[in-house]
>>> print(open('query_1.txt').read())   # compact mmCIF, C-alpha atoms
# COMPACT_ATOMS: atom_id res chain seq x y z
CA MET A 1 59.44 81.98 89.96
CA ASN A 2 59.77 83.80 93.30
CA TYR A 3 62.51 82.40 95.49
CA HIS A 4 62.17 82.86 99.22
CA PHE A 5 65.52 82.67 100.94
CA ALA A 6 66.24 82.45 104.66
CA ARG A 7 66.22 85.81 106.43
CA ARG A 8 69.58 85.04 108.03
CA LEU A 9 71.23 85.60 104.64
CA ASP A 10 70.41 89.29 105.02
CA ALA A 11 72.48 89.43 108.21
CA ALA A 12 75.77 88.65 106.50
CA PRO A 13 77.92 91.51 105.18
CA GLU A 14 78.57 91.78 101.48
CA SER A 15 81.43 89.43 100.69
CA PHE A 16 84.64 90.93 99.39
CA LEU A 17 86.17 87.49 98.82
CA ASP A 18 84.70 87.00 95.34
CA ARG A 19 86.34 90.22 94.19
CA LEU A 20 89.63 89.08 95.68
CA PHE A 21 89.60 85.75 93.88
CA ALA A 22 88.74 87.48 90.61
CA VAL A 23 91.68 89.84 91.05
CA SER A 24 94.06 87.00 91.89
CA ARG A 25 93.18 85.23 88.61
CA ASP A 26 94.12 88.23 86.44
CA PRO A 27 97.72 87.70 85.28
CA GLU A 28 98.20 91.43 84.62
CA ILE A 29 97.58 92.34 88.25
CA ILE A 30 100.18 92.04 90.97
CA SER A 31 98.06 91.14 93.96
CA PHE A 32 98.87 92.03 97.53
CA ALA A 33 95.19 91.59 98.36
CA GLY A 34 94.76 87.86 98.83
CA GLY A 35 96.05 85.41 101.39
CA LEU A 36 97.74 82.83 99.21
CA PRO A 37 101.00 81.13 100.10
CA MET A 38 103.74 81.41 97.48
CA THR A 39 102.95 78.87 94.77
CA SER A 40 106.60 78.12 94.00
CA LEU A 41 107.14 76.99 97.62
CA ILE A 42 104.55 74.20 97.39
CA ASP A 43 106.45 70.92 97.35
CA VAL A 44 104.73 69.44 94.30
CA ALA A 45 107.26 66.63 93.88
CA GLY A 46 107.04 65.62 97.53
CA ILE A 47 103.25 65.63 97.55
CA ARG A 48 103.19 63.67 94.28
CA ASP A 49 105.47 61.04 95.81
CA ALA A 50 103.29 60.86 98.92
CA ALA A 51 100.15 60.45 96.80
CA ALA A 52 101.76 57.65 94.77
CA ALA A 53 102.69 55.84 97.97
CA VAL A 54 99.15 56.17 99.33
CA PHE A 55 97.64 54.77 96.13
CA ALA A 56 100.11 51.90 96.20
CA ASP A 57 99.62 51.01 99.88
CA GLU A 58 96.06 51.99 100.77
CA GLY A 59 94.38 53.23 97.60
CA GLU A 60 91.04 51.46 98.03
CA ARG A 61 90.69 52.56 101.63
CA ALA A 62 91.69 56.14 100.84
CA LEU A 63 89.02 56.33 98.13
CA GLN A 64 86.21 54.94 100.30
CA TYR A 65 83.91 56.65 102.80
CA THR A 66 85.60 57.20 106.13
CA THR A 67 84.76 58.39 109.65
CA THR A 68 83.60 61.82 110.74
CA ASP A 69 86.49 62.41 113.11
CA GLY A 70 89.19 62.16 110.45
CA TYR A 71 92.18 59.99 109.59
CA LEU A 72 93.49 58.69 112.90
CA PRO A 73 97.21 58.70 111.98
CA LEU A 74 96.93 62.37 110.96
CA ARG A 75 95.11 63.29 114.17
CA GLU A 76 97.80 61.48 116.14
CA TYR A 77 100.49 63.39 114.23
CA ILE A 78 98.83 66.74 115.00
CA ALA A 79 98.39 65.84 118.68
CA ALA A 80 102.02 64.73 118.94
CA ARG A 81 103.17 68.00 117.39
CA TYR A 82 101.14 69.98 119.93
CA ARG A 83 102.79 67.98 122.71
CA SER A 84 106.35 68.25 121.42
CA ARG A 85 106.24 71.81 120.10
CA LEU A 86 103.97 73.55 122.60
CA GLY A 87 103.86 71.24 125.60
CA LEU A 88 100.09 70.79 125.37
CA SER A 89 98.53 67.56 126.59
CA ALA A 90 96.72 67.00 123.30
CA THR A 91 95.27 63.64 122.25
CA ALA A 92 93.85 62.47 118.95
CA ASP A 93 90.41 62.21 120.58
CA GLU A 94 90.40 66.01 121.02
CA ILE A 95 91.17 66.71 117.36
CA ARG A 96 88.89 66.62 114.34
CA ILE A 97 90.02 67.09 110.74
CA THR A 98 88.09 69.62 108.67
CA ASN A 99 87.95 70.82 105.09
CA GLY A 100 90.22 73.76 105.81
CA SER A 101 90.16 75.70 109.06
CA GLN A 102 87.47 77.94 107.53
CA GLN A 103 85.02 75.09 108.11
CA CYS A 104 85.85 75.25 111.82
CA LEU A 105 84.51 78.80 111.92
CA ASP A 106 81.17 77.80 110.43
CA LEU A 107 80.65 74.65 112.51
CA THR A 108 81.79 76.23 115.77
CA ALA A 109 79.36 79.09 115.29
CA LYS A 110 76.64 76.59 114.45
CA ILE A 111 77.01 74.85 117.82
CA LEU A 112 77.52 77.96 119.96
CA VAL A 113 75.57 80.84 118.44
CA ASP A 114 71.85 81.61 118.51
CA PRO A 115 70.36 84.79 117.03
CA CYS A 116 71.50 87.77 119.13
CA THR A 117 74.16 85.75 120.96
CA VAL A 118 77.20 87.93 121.67
CA VAL A 119 80.44 86.94 119.95
CA GLY A 120 83.64 88.79 120.78
CA MET A 121 86.26 89.61 118.15
CA GLU A 122 89.35 91.67 117.57
CA ARG A 123 89.14 95.05 115.84
CA PRO A 124 90.23 94.75 113.09
CA GLY A 125 89.41 91.05 112.76
CA TYR A 126 89.59 88.34 110.12
CA LEU A 127 86.95 89.04 107.48
CA GLY A 128 86.38 85.32 106.80
CA ALA A 129 85.39 84.86 110.43
CA ILE A 130 83.10 87.88 110.36
CA GLU A 131 81.32 86.46 107.32
CA ALA A 132 81.11 82.91 108.72
CA PHE A 133 79.71 84.01 112.08
CA SER A 134 77.27 86.54 110.62
CA TYR A 135 75.06 83.87 109.05
CA TYR A 136 74.09 82.76 112.58
CA GLN A 137 72.95 86.30 113.43
CA PRO A 138 75.08 87.06 116.47
CA ARG A 139 75.75 90.46 117.98
CA ILE A 140 79.46 90.86 117.21
CA LYS A 141 81.26 93.01 119.76
CA THR A 142 84.80 94.07 118.92
CA ILE A 143 87.72 95.31 121.00
CA PRO A 144 90.78 97.12 119.66
CA VAL A 145 94.02 95.26 119.01
CA THR A 146 97.25 96.92 120.09
CA GLU A 147 100.84 95.88 119.34
CA GLU A 148 100.64 93.65 122.44
CA GLY A 149 97.29 92.07 121.60
CA PRO A 150 93.72 92.95 122.56
CA ASP A 151 93.16 95.89 124.90
CA MET A 152 92.84 94.02 128.17
CA ASN A 153 90.53 96.49 129.90
CA ALA A 154 88.12 96.19 127.00
CA PHE A 155 88.58 92.39 126.94
CA ARG A 156 87.71 92.04 130.64
CA THR A 157 84.70 94.32 130.28
CA LEU A 158 83.45 92.33 127.30
CA CYS A 159 83.78 88.98 129.06
CA ARG A 160 82.29 90.13 132.36
CA GLU A 161 79.44 92.32 131.11
CA GLU A 162 78.50 90.95 127.69
CA LYS A 163 79.17 87.25 128.47
CA PRO A 164 79.99 86.25 124.88
CA ALA A 165 79.48 82.70 123.67
CA PHE A 166 83.14 82.87 122.71
CA PHE A 167 85.90 85.31 121.85
CA TYR A 168 87.58 84.75 118.50
CA GLY A 169 91.19 85.83 118.19
CA ILE A 170 94.39 85.21 116.24
CA PRO A 171 97.24 85.52 118.76
CA ASN A 172 99.97 84.61 116.26
CA PHE A 173 100.52 87.20 113.51
CA GLN A 174 96.96 88.34 113.33
CA ASN A 175 95.02 88.71 110.11
CA PRO A 176 94.94 91.53 109.01
CA SER A 177 97.49 93.36 111.19
CA GLY A 178 100.28 90.80 111.48
CA THR A 179 100.72 91.60 115.18
CA ALA A 180 101.20 88.94 117.86
CA TYR A 181 99.96 88.83 121.45
CA SER A 182 102.62 89.27 124.12
CA ASP A 183 103.15 86.44 126.60
CA ALA A 184 101.62 88.58 129.35
CA VAL A 185 98.46 89.27 127.32
CA ARG A 186 98.06 85.55 126.53
CA ARG A 187 98.15 84.76 130.25
CA GLU A 188 95.75 87.59 131.07
CA CYS A 189 93.30 86.45 128.40
CA ALA A 190 93.39 82.93 129.82
CA GLU A 191 92.89 84.14 133.37
CA CYS A 192 89.89 86.25 132.39
CA CYS A 193 88.37 83.40 130.36
CA ARG A 194 88.69 81.01 133.31
CA GLU A 195 87.15 83.54 135.65
CA THR A 196 84.18 84.26 133.36
CA GLU A 197 83.87 80.80 131.76
CA THR A 198 84.39 82.32 128.32
CA ILE A 199 85.55 80.13 125.43
CA PHE A 200 88.60 81.53 123.67
CA TYR A 201 88.56 80.46 120.01
CA GLU A 202 92.22 80.58 119.03
CA ASP A 203 92.75 80.59 115.27
CA ASP A 204 96.35 79.46 114.82
CA ALA A 205 96.69 79.41 111.04
CA PHE A 206 100.01 81.28 111.19
CA GLY A 207 101.74 79.94 114.29
CA GLU A 208 104.25 77.87 112.29
CA LEU A 209 105.23 80.97 110.27
CA ALA A 210 107.15 82.85 112.98
CA PHE A 211 110.23 84.20 111.23
CA ASP A 212 112.45 83.22 114.14
CA GLY A 213 110.93 79.72 114.28
CA ARG A 214 110.17 80.18 117.99
CA PRO A 215 106.86 78.68 119.18
CA ARG A 216 104.54 81.11 120.96
CA MET A 217 102.54 79.60 123.80
CA PRO A 218 98.83 79.53 122.99
CA VAL A 219 96.17 80.96 125.27
CA LYS A 220 94.87 77.40 125.60
CA ALA A 221 98.08 76.41 127.40
CA PHE A 222 97.02 78.58 130.35
CA ALA A 223 93.30 77.69 130.31
CA PRO A 224 92.84 74.30 128.60
CA GLU A 225 89.17 73.94 129.48
CA CYS A 226 88.38 77.34 127.89
CA GLY A 227 90.43 76.86 124.76
CA VAL A 228 89.26 75.91 121.28
CA MET A 229 92.07 75.98 118.72
CA SER A 230 92.01 75.59 114.97
CA GLY A 231 94.94 74.97 112.67
CA SER A 232 95.64 74.39 109.01
CA PHE A 233 98.18 72.98 106.58
CA SER A 234 96.95 75.43 103.94
CA LYS A 235 99.57 78.05 104.79
CA THR A 236 102.47 75.62 105.18
CA VAL A 237 101.91 72.70 102.77
CA SER A 238 99.03 73.16 100.32
CA PRO A 239 95.77 75.14 100.44
CA GLY A 240 94.27 73.04 97.64
CA MET A 241 94.32 69.90 99.80
CA ARG A 242 91.92 71.62 102.25
CA ILE A 243 93.26 70.10 105.47
CA GLY A 244 92.46 71.94 108.68
CA TRP A 245 91.53 70.83 112.17
CA ILE A 246 89.93 71.79 115.44
CA TYR A 247 91.39 70.96 118.86
CA ALA A 248 88.84 71.33 121.63
CA PRO A 249 87.56 69.91 124.94
CA GLY A 250 85.42 66.76 124.81
CA PRO A 251 81.98 68.40 125.21
CA VAL A 252 82.72 70.74 122.29
CA ILE A 253 84.01 67.88 120.15
CA GLU A 254 80.83 65.87 120.80
CA LYS A 255 78.60 68.67 119.47
CA PHE A 256 81.04 69.40 116.66
CA ASP A 257 80.76 65.79 115.46
CA ALA A 258 76.98 66.01 115.36
CA VAL A 259 76.84 69.08 113.13
CA ARG A 260 79.76 67.84 111.06
CA GLN A 261 77.89 64.67 110.12
CA ALA A 262 74.97 66.77 108.93
CA ALA A 263 77.23 69.10 106.95
CA ASP A 264 79.41 66.77 104.87
CA LEU A 265 79.69 63.40 106.66
CA HIS A 266 83.50 63.44 106.84
CA PRO A 267 86.65 65.18 105.58
CA ASN A 268 88.40 64.24 102.35
CA ALA A 269 89.88 60.79 102.99
CA LEU A 270 92.41 60.86 100.17
CA SER A 271 93.82 64.30 101.05
CA GLN A 272 94.21 63.27 104.68
CA ALA A 273 96.14 60.12 103.83
CA VAL A 274 98.39 61.96 101.39
CA MET A 275 99.03 64.75 103.89
CA HIS A 276 99.98 62.30 106.61
CA ARG A 277 102.29 60.39 104.27
CA TYR A 278 103.94 63.64 103.17
CA LEU A 279 104.49 64.90 106.72
CA THR A 280 105.98 61.64 107.92
CA THR A 281 108.23 60.88 104.95
CA HIS A 282 109.56 64.34 104.02
CA ASP A 283 111.54 67.05 105.78
CA TYR A 284 108.65 69.17 107.03
CA GLU A 285 110.87 71.21 109.36
CA GLY A 286 113.24 72.01 106.52
CA HIS A 287 110.30 73.01 104.35
CA LEU A 288 109.04 75.33 107.08
CA ARG A 289 112.46 76.97 107.40
CA ARG A 290 112.51 77.72 103.66
CA VAL A 291 109.01 79.18 103.76
CA ARG A 292 109.79 81.35 106.79
CA GLY A 293 112.99 82.62 105.20
CA VAL A 294 111.27 83.71 102.00
CA TYR A 295 108.38 85.35 103.84
CA GLU A 296 110.69 87.24 106.17
CA THR A 297 112.68 88.57 103.22
CA ASN A 298 109.48 89.62 101.45
CA CYS A 299 108.08 91.25 104.58
CA ARG A 300 111.21 93.31 105.23
CA GLN A 301 111.33 94.36 101.58
CA MET A 302 107.70 95.47 101.64
CA CYS A 303 108.16 97.41 104.89
CA ASN A 304 111.20 99.21 103.49
CA LEU A 305 109.41 100.10 100.26
CA LEU A 306 106.40 101.38 102.19
CA ASP A 307 108.67 103.66 104.22
CA ASP A 308 110.46 104.93 101.10
CA LEU A 309 107.55 105.26 98.67
CA LEU A 310 104.60 106.15 100.96
CA PRO A 311 106.19 108.16 103.78
CA ASP A 312 102.89 109.43 105.19
CA VAL A 313 101.50 105.88 105.55
CA SER A 314 102.19 104.02 108.80
CA HIS A 315 102.24 100.24 109.00
CA THR A 316 102.69 97.29 111.30
CA THR A 317 105.99 95.38 111.23
CA PRO A 318 105.16 91.68 111.51
CA GLU A 319 107.49 89.05 112.95
CA GLY A 320 105.71 86.25 111.14
CA GLY A 321 102.62 85.29 109.18
CA MET A 322 101.59 86.66 105.80
CA PHE A 323 100.06 90.13 106.32
CA MET A 324 100.62 93.68 107.47
CA LEU A 325 98.18 96.56 107.96
CA ALA A 326 98.83 100.03 106.60
CA THR A 327 97.11 103.20 107.85
CA MET A 328 96.75 106.31 105.73
CA PRO A 329 96.36 109.87 107.04
CA GLU A 330 92.92 110.77 108.33
CA GLY A 331 90.43 111.44 105.57
CA LYS A 332 91.91 109.04 103.04
CA ASP A 333 89.61 106.32 101.66
CA SER A 334 90.91 102.78 101.11
CA MET A 335 88.06 101.93 98.71
CA ALA A 336 89.15 104.80 96.47
CA LEU A 337 92.71 103.51 96.75
CA PHE A 338 91.54 100.01 95.80
CA ASP A 339 89.96 101.32 92.60
CA ALA A 340 93.00 103.46 91.78
CA CYS A 341 95.28 100.48 92.34
CA LEU A 342 93.38 98.31 89.90
CA LYS A 343 93.95 100.94 87.21
CA GLU A 344 97.67 100.57 87.93
CA CYS A 345 97.36 96.74 87.82
CA VAL A 346 98.07 96.19 91.48
CA ALA A 347 95.66 95.12 94.23
CA VAL A 348 95.45 95.81 97.95
CA LEU A 349 92.63 94.90 100.30
CA PRO A 350 90.67 97.80 101.81
CA GLY A 351 90.43 97.65 105.58
CA VAL A 352 86.65 98.13 105.79
CA PRO A 353 85.66 94.40 105.66
CA PHE A 354 87.82 93.72 108.73
CA TYR A 355 85.79 96.06 110.97
CA ALA A 356 82.58 94.28 112.01
CA GLU A 357 81.22 97.36 113.76
CA GLY A 358 82.31 99.86 111.12
CA GLY A 359 85.49 101.78 110.50
CA GLY A 360 88.77 101.00 108.81
CA HIS A 361 88.23 103.42 105.93
CA ASP A 362 91.80 104.73 106.20
CA THR A 363 93.44 101.28 106.38
CA PHE A 364 94.42 98.59 103.90
CA ARG A 365 95.93 95.12 104.21
CA LEU A 366 99.00 93.97 102.32
CA ASN A 367 99.98 90.35 101.74
CA PHE A 368 103.70 89.62 101.39
CA SER A 369 103.61 85.84 100.91
CA THR A 370 102.34 85.54 97.35
CA ALA A 371 104.57 87.74 95.18
CA ALA A 372 108.25 87.21 94.40
CA GLU A 373 110.82 89.89 95.27
CA GLU A 374 110.82 91.56 91.84
CA GLU A 375 107.00 91.58 91.80
CA ILE A 376 106.96 93.23 95.22
CA THR A 377 109.24 96.01 93.98
CA GLU A 378 107.16 96.61 90.86
CA GLY A 379 103.87 96.27 92.73
CA MET A 380 104.85 98.72 95.45
CA ASN A 381 105.84 101.28 92.83
CA ARG A 382 102.44 100.81 91.19
CA LEU A 383 100.82 101.23 94.60
CA ALA A 384 102.74 104.47 95.14
CA ARG A 385 101.48 105.86 91.83
CA ALA A 386 97.90 104.90 92.72
CA TYR A 387 98.29 106.49 96.15
CA ARG A 388 99.47 109.75 94.60
CA HIS A 389 96.42 109.70 92.30
CA CYS A 390 94.34 109.63 95.50
CA GLY A 391 96.09 112.73 96.84
CA GLY A 392 98.81 111.05 98.90
CA ARG A 393 102.44 111.97 98.88
>>> encode(input="query_1.txt", output="structure tokens")
Amino acid sequence: MNYHFARRLDAAPESFLDRLFAVSRDPEIISFAGGLPMTSLIDVAGIRDAAAAVFADEGERALQYTTTDGYLPLREYIAARYRSRLGLSATADEIRITNGSQQCLDLTAKILVDPCTVVGMERPGYLGAIEAFSYYQPRIKTIPVTEEGPDMNAFRTLCREEKPAFFYGIPNFQNPSGTAYSDAVRRECAECCRETETIFYEDDAFGELAFDGRPRMPVKAFAPECGVMSGSFSKTVSPGMRIGWIYAPGPVIEKFDAVRQAADLHPNALSQAVMHRYLTTHDYEGHLRRVRGVYETNCRQMCNLLDDLLPDVSHTTPEGGMFMLATMPEGKDSMALFDACLKECVAVLPGVPFYAEGGGHDTFRLNFSTAAEEEITEGMNRLARAYRHCGGR
């Protein structure tokens, strides 16, 4: 049998995600490669109680088909949180629940991207977004990310000359670098997007994970009509429940609904009801404070160990989120380091998949949210041994 697959499959880069998940399942390997929240911080008892209450009060409804837009009480909760926390004039009508925020990437590209359409991204940029967009055969144009955010000269040139369908960015504790846009850069991005009528797709998976707990104003706050935001409870409550959302202007939501119906009819009704019950009956703010505290401790520990054990490797110093980016001296190869690390039973993520237009061979991403403190110490020592095997000092 000869199978003839769609040509667009050839446009997507080779996925590194399968290798990551395989690594994360090996109990002998300490993994700094994935993007998992710390398992021990998931409030199993609280979610169990919320699920029991949903089954008792609305079990039949929660187990039935539901609407495409998502569970209204949960959309109202998300909109209210945008209003109270960020001062945005969000309404439930502008929010749609998705099966994780990863689904937002696929469906947004489906409604905005034709073959050869230009899509703007950060360099380095989130590999899951690169993979999701690539199936729609865009021309991905990247601009470098500095400690303050995207290089604004390059951003303006991209928007004015290339006229992208949208620019995808992560202003809060970017994946993979962990850096955050400055307030000035957020305003400048918004001003340029308004001027050029460019959509800014703002992936805010990590906004609630600022170590200081201080909300950062989104780009959408300064250009509401240009802003599409996505969010997720995967990093703060439970990734297994697969609850994400998109917050966008009405015309975008209308098209989003159309492709969503064709994709999977509607989000998981039971997970939505349980999530809403959990958020409204438990101390979500207290839970967030605990998560932030652990991640900050882990991040500082990892930074200190990098400085002590790999002195010729530079790195970002995040103020939130789950990741940092390390850069080796010129000529070093992160793929060789990846292989050497696996022999030492530790895993890092090579930087190459984060560079849509090539590059990143001397960089690797580290995740500090998954491992406990003692695992971080042991894992970083294993990483140092692997690095020395690759000729580092």
>>> residues_around(input="query_1.txt", residues="Asp49 of chain A", least_positions_apart="6", cutoff="10 Å", atoms="only C-alpha atoms", output="PyMOL selection string")
chain A and resi 274+277-278+281-282
>>> residues_around(input="query_1.txt", residues="Pro267 of chain A", least_positions_apart="3", cutoff="7 Å", atoms="all atoms listed in the file", output="PyMOL selection string")
chain A and resi 68+70+97-99
>>> residues_around(input="query_1.txt", residues="Thr108 of chain A", least_positions_apart="4", cutoff="7 Å", atoms="only C-alpha atoms", output="PDB file with C-alpha atoms, keeping the file's coordinate frame")
ATOM      1  CA  CYS A 104      85.850  75.250 111.820  1.00  0.00           C
ATOM      2  CA  LEU A 112      77.520  77.960 119.960  1.00  0.00           C
ATOM      3  CA  PHE A 256      81.040  69.400 116.660  1.00  0.00           C
TER       4      PHE A 256
END
>>> residues_around(input="query_1.txt", residues="segment 164-181 of chain A", least_positions_apart="5", cutoff="9 Å", atoms="all atoms listed in the file", output="JSON, numbers by chain")
{"A": [112, 113, 117, 118, 119, 120, 121, 122, 124, 125, 126, 127, 129, 140, 141, 145, 146, 147, 148, 149, 150, 158, 159, 186, 198, 199, 200, 201, 202, 203, 204, 205, 206, 207, 208, 209, 210, 216, 218, 219, 315, 316, 317, 318, 319, 320, 321, 322, 323, 324, 325, 326, 351, 354, 364, 365, 366, 367]}
>>> closest_residue(input="query_1.txt", among="A:Pro215, A:Pro27, A:Pro73, A:Gly128", to="Ser15 of chain A", atoms="all atoms listed in the file")
A:Gly128
>>> decode(input="query_1.txt", residues="segment 278-303 of chain A", atoms="N, CA and C atoms", output="compact mmCIF listing (two decimals), in the first residue's frame")
# COMPACT_ATOMS: atom_id res chain seq x y z
N TYR A 278 -12.85 24.27 41.23
CA TYR A 278 -11.61 24.37 41.99
C TYR A 278 -11.20 25.82 42.22
N LEU A 279 -11.22 26.62 41.16
CA LEU A 279 -10.77 28.00 41.25
C LEU A 279 -11.65 28.83 42.19
N THR A 280 -12.90 28.51 42.24
CA THR A 280 -13.84 29.33 43.01
C THR A 280 -14.08 28.82 44.43
N THR A 281 -13.54 27.66 44.76
CA THR A 281 -13.76 27.12 46.11
C THR A 281 -12.45 26.86 46.86
N HIS A 282 -11.32 27.12 46.24
CA HIS A 282 -10.02 26.91 46.87
C HIS A 282 -9.19 28.18 46.80
N ASP A 283 -8.11 28.19 47.56
CA ASP A 283 -7.26 29.39 47.66
C ASP A 283 -6.27 29.40 46.49
N TYR A 284 -6.76 29.85 45.35
CA TYR A 284 -5.90 29.88 44.16
C TYR A 284 -4.72 30.82 44.34
N GLU A 285 -4.94 31.97 44.95
CA GLU A 285 -3.84 32.92 45.15
C GLU A 285 -2.77 32.33 46.07
N GLY A 286 -3.19 31.64 47.12
CA GLY A 286 -2.23 30.99 47.99
C GLY A 286 -1.45 29.91 47.26
N HIS A 287 -2.15 29.15 46.42
CA HIS A 287 -1.49 28.13 45.62
C HIS A 287 -0.44 28.76 44.71
N LEU A 288 -0.79 29.86 44.06
CA LEU A 288 0.17 30.54 43.18
C LEU A 288 1.39 31.01 43.96
N ARG A 289 1.20 31.53 45.15
CA ARG A 289 2.34 31.99 45.96
C ARG A 289 3.28 30.83 46.27
N ARG A 290 2.73 29.67 46.59
CA ARG A 290 3.59 28.51 46.87
C ARG A 290 4.37 28.10 45.63
N VAL A 291 3.70 28.05 44.50
CA VAL A 291 4.37 27.67 43.25
C VAL A 291 5.48 28.67 42.92
N ARG A 292 5.18 29.94 42.99
CA ARG A 292 6.20 30.96 42.68
C ARG A 292 7.40 30.84 43.60
N GLY A 293 7.14 30.61 44.88
CA GLY A 293 8.24 30.51 45.84
C GLY A 293 9.16 29.36 45.53
N VAL A 294 8.60 28.20 45.21
CA VAL A 294 9.43 27.04 44.88
C VAL A 294 10.21 27.29 43.60
N TYR A 295 9.56 27.84 42.59
CA TYR A 295 10.25 28.05 41.31
C TYR A 295 11.35 29.10 41.44
N GLU A 296 11.12 30.11 42.24
CA GLU A 296 12.18 31.11 42.44
C GLU A 296 13.39 30.47 43.12
N THR A 297 13.15 29.68 44.14
CA THR A 297 14.25 29.00 44.83
C THR A 297 15.01 28.11 43.86
N ASN A 298 14.29 27.33 43.06
CA ASN A 298 14.93 26.45 42.09
C ASN A 298 15.73 27.23 41.06
N CYS A 299 15.16 28.33 40.59
CA CYS A 299 15.83 29.14 39.57
C CYS A 299 17.14 29.71 40.10
N ARG A 300 17.11 30.27 41.30
CA ARG A 300 18.32 30.85 41.88
C ARG A 300 19.37 29.77 42.10
N GLN A 301 18.94 28.60 42.57
CA GLN A 301 19.87 27.50 42.78
C GLN A 301 20.53 27.09 41.47
N MET A 302 19.74 26.98 40.40
CA MET A 302 20.28 26.57 39.12
C MET A 302 21.24 27.62 38.57
N CYS A 303 20.90 28.88 38.70
CA CYS A 303 21.80 29.95 38.24
C CYS A 303 23.13 29.89 38.98
